[in-house]
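Engineer: I'd like to ask some things about the structure below.
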Amino acid sequence: MSVDSVTGTTSDVSPEQRAREEELLDRVLASFDGAPDARLKQIMRSAVQHLHAFLRDVRLTEDEWKQGIDFLTAVGHLTDERRQEFILLSDTLGVSMQTVAINNEAYADATEATVFGPFFMDDSPEVEIGGNISFGVAGEPCWLEGTVTAVDGTPLPGAKIEVWQADEHGFYDVQYGDDRVAARAHLFTDEQGRYSFWGITPTPYPIPHDGPVGRMLDAVGRSPMRASHLHFMVTAPGFRTLVTHIFVRGDELLDRDSVFGVKESLVKDFLEQAAGTPTPDGRELGARTWSQARFDIVLAPAEAKAQGPRPSPAPH
Ligand code: BEZ
Ligand code: FE
């Protein structure tokens, strides 16, 4: 059996059956003819075309259709202000990363973007340069430092850096269900565009997998684990906002991150330091090991936006 990759039709479908399926698709597409918003019309037509191609490609059974409806219903039921199962679904299908790729085209040597994730919170505490964002969470201390510059190397003083990370047990503060705020903060670069802070050495953790998305991953033999990372969001007037992470070189999950967020340019050396090694700011860590990493951030200009939507193709 061969499958037409555009229409989803299979060669063992009779010409009569094929004509029936195409006639239905044509009628659905024509139903959008009167849409006053041209962009909405383009999106709806394209979505329907791809959805029908998928149905015809796999020759979806009615039982499978029902399973799909039940799955999406469960995703909806679990979603509320604290848990966004639809975004998790988008993340695990690579839809979030593809949208990031489309909207953050590579620009010169600007730092690459990656998936936002569900655990960013507004109103994080501010820390001074060299401050400690961990606020006592479990984990090995990690010194992070770097600069924020434009692509021509000009330092960007006053750039705002938001950072957030999971604790050593793999949980963000918001996942504890109390009001704690920890392992997240924001700080501003100094006159030379430099920043530094103490966090904890990132460790791997699973995305929430106690719901339908977790069951889907299980059913297809995929792991919910994310490669160890630390989230950044960097803003400066006149520059494209950067949402990204850094990953730990040597982490065995780098090539199977459950949300496809890893980019080689974002993998950094986290240098392990023996207990007793003097720290960059003189902090006393006693018998504890610590690590350090450098992340130099380069922002694209604000006008380096994604290309606008493509014009609609000729009507089907
Ligand atoms: C995270 O990195 O925090 C994350 C990203 C996508 C889905 C779940 C978690
Ligand atoms: Fe994360």
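Lettering and numbering for the structure tokens are positional, with chains as A, B, ... in the shown order, residues counted from 1 in each chain, and ligands counted from 1 in the shown order.
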Any residue with an atom at most 7 Å from ligand 1 counts, using only C-alpha atoms and all ligand atoms. Which are they? Put them as a PyMOL selection string.
Structural biologist: chain A and resi 88+91+115-119+207-208+226+259
Engineer: What would the file look like if the residues just selected were written as a PDB file, in the first residue's frame with N, CA, C and O atoms?
Structural biologist:
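File produced: selection-v9.pdb:
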```pdb
ATOM      1  N   LEU A  88       1.500  20.627  27.784  1.00  0.00           N
ATOM      2  CA  LEU A  88       2.353  19.443  27.934  1.00  0.00           C
ATOM      3  C   LEU A  88       2.244  18.541  26.698  1.00  0.00           C
ATOM      4  O   LEU A  88       3.228  17.987  26.208  1.00  0.00           O
ATOM      5  N   ASP A  91       4.134  20.179  24.000  1.00  0.00           N
ATOM      6  CA  ASP A  91       5.570  20.024  24.251  1.00  0.00           C
ATOM      7  C   ASP A  91       6.055  18.631  23.843  1.00  0.00           C
ATOM      8  O   ASP A  91       7.091  18.475  23.189  1.00  0.00           O
ATOM      9  N   VAL A 115      12.142  25.871  24.516  1.00  0.00           N
ATOM     10  CA  VAL A 115      10.763  25.815  25.015  1.00  0.00           C
ATOM     11  C   VAL A 115      10.622  26.542  26.366  1.00  0.00           C
ATOM     12  O   VAL A 115      11.532  26.506  27.193  1.00  0.00           O
ATOM     13  N   PHE A 116       9.484  27.205  26.585  1.00  0.00           N
ATOM     14  CA  PHE A 116       9.253  28.008  27.782  1.00  0.00           C
ATOM     15  C   PHE A 116       8.990  27.120  28.997  1.00  0.00           C
ATOM     16  O   PHE A 116       9.512  27.361  30.090  1.00  0.00           O
ATOM     17  N   GLY A 117       8.172  26.089  28.813  1.00  0.00           N
ATOM     18  CA  GLY A 117       7.809  25.239  29.953  1.00  0.00           C
ATOM     19  C   GLY A 117       6.738  25.904  30.794  1.00  0.00           C
ATOM     20  O   GLY A 117       6.480  27.099  30.657  1.00  0.00           O
ATOM     21  N   PRO A 118       6.125  25.147  31.692  1.00  0.00           N
ATOM     22  CA  PRO A 118       4.962  25.659  32.429  1.00  0.00           C
ATOM     23  C   PRO A 118       5.289  26.284  33.780  1.00  0.00           C
ATOM     24  O   PRO A 118       4.380  26.670  34.499  1.00  0.00           O
ATOM     25  N   PHE A 119       6.570  26.385  34.155  1.00  0.00           N
ATOM     26  CA  PHE A 119       6.865  26.733  35.551  1.00  0.00           C
ATOM     27  C   PHE A 119       7.408  28.139  35.766  1.00  0.00           C
ATOM     28  O   PHE A 119       7.864  28.463  36.859  1.00  0.00           O
ATOM     29  N   ILE A 207       8.808  15.455  33.363  1.00  0.00           N
ATOM     30  CA  ILE A 207       7.673  16.369  33.238  1.00  0.00           C
ATOM     31  C   ILE A 207       6.501  15.705  33.970  1.00  0.00           C
ATOM     32  O   ILE A 207       6.522  14.484  34.190  1.00  0.00           O
ATOM     33  N   PRO A 208       5.482  16.473  34.369  1.00  0.00           N
ATOM     34  CA  PRO A 208       4.355  15.841  35.058  1.00  0.00           C
ATOM     35  C   PRO A 208       3.783  14.710  34.186  1.00  0.00           C
ATOM     36  O   PRO A 208       3.423  14.932  33.030  1.00  0.00           O
ATOM     37  N   ARG A 226      13.274  14.953  31.410  1.00  0.00           N
ATOM     38  CA  ARG A 226      13.905  16.086  30.735  1.00  0.00           C
ATOM     39  C   ARG A 226      15.387  16.079  31.056  1.00  0.00           C
ATOM     40  O   ARG A 226      15.806  15.771  32.186  1.00  0.00           O
ATOM     41  N   VAL A 259      10.802  16.836  25.704  1.00  0.00           N
ATOM     42  CA  VAL A 259      10.087  17.908  24.997  1.00  0.00           C
ATOM     43  C   VAL A 259      10.933  18.485  23.845  1.00  0.00           C
ATOM     44  O   VAL A 259      10.622  19.544  23.322  1.00  0.00           O
TER      45      VAL A 259
END
```
Engineer: Determine which residues of segment 178-215 of chain A DSSP labels as strand (DSSP E or B) from the backbone of this structure, then write them out as a list in words.
Structural biologist: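 The strand (DSSP E or B) subset of segment 178-215 of chain A is Arg184, Ala185, His186, Leu187, Phe188, Arg194, Tyr195, Ser196, Phe197, Trp198, Gly199, Ile200, Tyr205 and Pro206 of chain A.
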Engineer: Looking at only C-alpha atoms, which of A:Ala101, A:Val75, A:His245, A:Leu254 is the one that sits closest to Leu89 of chain A?
Structural biologist: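 With only C-alpha atoms as the atom set, the closest residue is A:Val75.
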Engineer: Can you work out the spacing between atom CA of Tyr107 of chain A and atom CA of Lys263 of chain A in Å, to one decimal?
Structural biologist: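 Here the two named atoms are 15.0 Å from each other.
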Engineer: Here is a test: counting only C-alpha atoms and all ligand atoms, which residue of A:Asn103, A:Thr79, A:Asn132, A:Ser258 is nearest to ligand 2?
Structural biologist: A:Ser258
Engineer: What's around Leu156 of chain A at 8 Å? Count only C-alpha atoms, leave out sequence neighbours fewer than 6 positions away in its own chain, and write the answer as a VMD selection string.
Structural biologist: chain A and resid 148 to 150 189 191 to 193 236
Engineer: Give me the residues within 7 Å of segment 199-202 of chain A as a list of chain:residue names, counting only C-alpha atoms and dropping any in the same chain fewer than 5 places off.
Structural biologist: A:Asn132, A:Ile133, A:Ser134, A:Gly139, A:Glu140, A:Pro141, A:Cys142, A:Trp143, A:Ala183, A:Ser228, A:His229, A:Leu230, A:Ser291
Engineer: Using N, CA, C and O atoms, can you write the selected residues to a file as a PDB file, in the first residue's frame?
Structural biologist:
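New file result26.pdb:
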```pdb
ATOM      1  N   ASN A 132      21.993  34.684  45.676  1.00  0.00           N
ATOM      2  CA  ASN A 132      21.666  33.251  45.679  1.00  0.00           C
ATOM      3  C   ASN A 132      20.194  33.072  45.351  1.00  0.00           C
ATOM      4  O   ASN A 132      19.326  33.502  46.110  1.00  0.00           O
ATOM      5  N   ILE A 133      19.899  32.439  44.205  1.00  0.00           N
ATOM      6  CA  ILE A 133      18.498  32.282  43.798  1.00  0.00           C
ATOM      7  C   ILE A 133      17.879  31.025  44.386  1.00  0.00           C
ATOM      8  O   ILE A 133      16.708  30.760  44.192  1.00  0.00           O
ATOM      9  N   SER A 134      18.681  30.205  45.070  1.00  0.00           N
ATOM     10  CA  SER A 134      18.149  28.892  45.482  1.00  0.00           C
ATOM     11  C   SER A 134      17.224  29.012  46.690  1.00  0.00           C
ATOM     12  O   SER A 134      16.332  28.199  46.863  1.00  0.00           O
ATOM     13  N   GLY A 139      20.138  20.858  46.849  1.00  0.00           N
ATOM     14  CA  GLY A 139      20.916  20.772  45.624  1.00  0.00           C
ATOM     15  C   GLY A 139      22.340  21.241  45.841  1.00  0.00           C
ATOM     16  O   GLY A 139      22.635  21.978  46.797  1.00  0.00           O
ATOM     17  N   GLU A 140      23.211  20.808  44.957  1.00  0.00           N
ATOM     18  CA  GLU A 140      24.618  21.209  45.026  1.00  0.00           C
ATOM     19  C   GLU A 140      24.741  22.661  44.560  1.00  0.00           C
ATOM     20  O   GLU A 140      24.230  23.000  43.475  1.00  0.00           O
ATOM     21  N   PRO A 141      25.427  23.530  45.311  1.00  0.00           N
ATOM     22  CA  PRO A 141      25.571  24.921  44.870  1.00  0.00           C
ATOM     23  C   PRO A 141      26.266  25.006  43.502  1.00  0.00           C
ATOM     24  O   PRO A 141      27.176  24.228  43.202  1.00  0.00           O
ATOM     25  N   CYS A 142      25.789  25.927  42.691  1.00  0.00           N
ATOM     26  CA  CYS A 142      26.367  26.110  41.343  1.00  0.00           C
ATOM     27  C   CYS A 142      26.520  27.600  41.096  1.00  0.00           C
ATOM     28  O   CYS A 142      25.545  28.356  41.223  1.00  0.00           O
ATOM     29  N   TRP A 143      27.722  28.009  40.748  1.00  0.00           N
ATOM     30  CA  TRP A 143      28.005  29.424  40.430  1.00  0.00           C
ATOM     31  C   TRP A 143      27.831  29.621  38.927  1.00  0.00           C
ATOM     32  O   TRP A 143      28.457  28.912  38.127  1.00  0.00           O
ATOM     33  N   ALA A 183      14.342  28.825  44.195  1.00  0.00           N
ATOM     34  CA  ALA A 183      15.002  28.451  42.945  1.00  0.00           C
ATOM     35  C   ALA A 183      14.439  29.230  41.759  1.00  0.00           C
ATOM     36  O   ALA A 183      14.307  28.707  40.653  1.00  0.00           O
ATOM     37  N   SER A 228      18.823  17.639  32.223  1.00  0.00           N
ATOM     38  CA  SER A 228      19.084  18.639  33.268  1.00  0.00           C
ATOM     39  C   SER A 228      19.223  20.022  32.638  1.00  0.00           C
ATOM     40  O   SER A 228      19.946  20.181  31.645  1.00  0.00           O
ATOM     41  N   HIS A 229      18.588  21.008  33.239  1.00  0.00           N
ATOM     42  CA  HIS A 229      18.639  22.352  32.632  1.00  0.00           C
ATOM     43  C   HIS A 229      18.307  23.427  33.655  1.00  0.00           C
ATOM     44  O   HIS A 229      17.758  23.146  34.727  1.00  0.00           O
ATOM     45  N   LEU A 230      18.570  24.639  33.243  1.00  0.00           N
ATOM     46  CA  LEU A 230      18.275  25.836  34.042  1.00  0.00           C
ATOM     47  C   LEU A 230      17.638  26.836  33.073  1.00  0.00           C
ATOM     48  O   LEU A 230      18.182  27.082  31.994  1.00  0.00           O
ATOM     49  N   SER A 291      29.689  23.471  41.759  1.00  0.00           N
ATOM     50  CA  SER A 291      30.020  23.468  40.331  1.00  0.00           C
ATOM     51  C   SER A 291      29.970  24.897  39.812  1.00  0.00           C
ATOM     52  O   SER A 291      29.485  25.802  40.509  1.00  0.00           O
TER      53      SER A 291
END
```
Engineer: Can you work out which one of A:Pro278, A:Pro212, A:Pro301, A:Gly170 has the shortest atom-to-atom distance to ligand 2, counting only C-alpha atoms and all ligand atoms?
Structural biologist: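 Comparing A:Pro278, A:Pro212, A:Pro301, A:Gly170 against ligand 2, the winner is A:Gly170.
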Engineer: Counting only C-alpha atoms, figure out which residue out of A:Ala166, A:Ala304, A:Ala287, A:Ala275 gets nearest to Ala138 of chain A.
Structural biologist: A:Ala166
Engineer: Write out as a PyMOL selection string all residues of segment 41-183 of chain A that backbone DSSP assigns to helix (DSSP H, G or I).
Structural biologist: chain A and resi 41-58+62-78+85-92+95-103+173-176
Engineer: Can you measure atom CA of Asp179 of chain A to atom CA of Ala74 of chain A for me? One decimal in Å is fine.
Structural biologist: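 It comes out at 27.6 Å.
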Engineer: Of the candidates A:Val137, A:Ala300, A:Leu253, A:Pro155, which one gets nearest to Ala106 of chain A if we count only C-alpha atoms?
Structural biologist: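 Ranked by minimum distance to Ala106 of chain A, first place goes to A:Ala300.
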Engineer: Mind giving me the straight-line distance from atom CA of Ile129 of chain A to atom CA of Ser265 of chain A in Å, one decimal?
Structural biologist: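 About the pair atom CA of Ile129 of chain A and atom CA of Ser265 of chain A: they are 24.6 Å apart.
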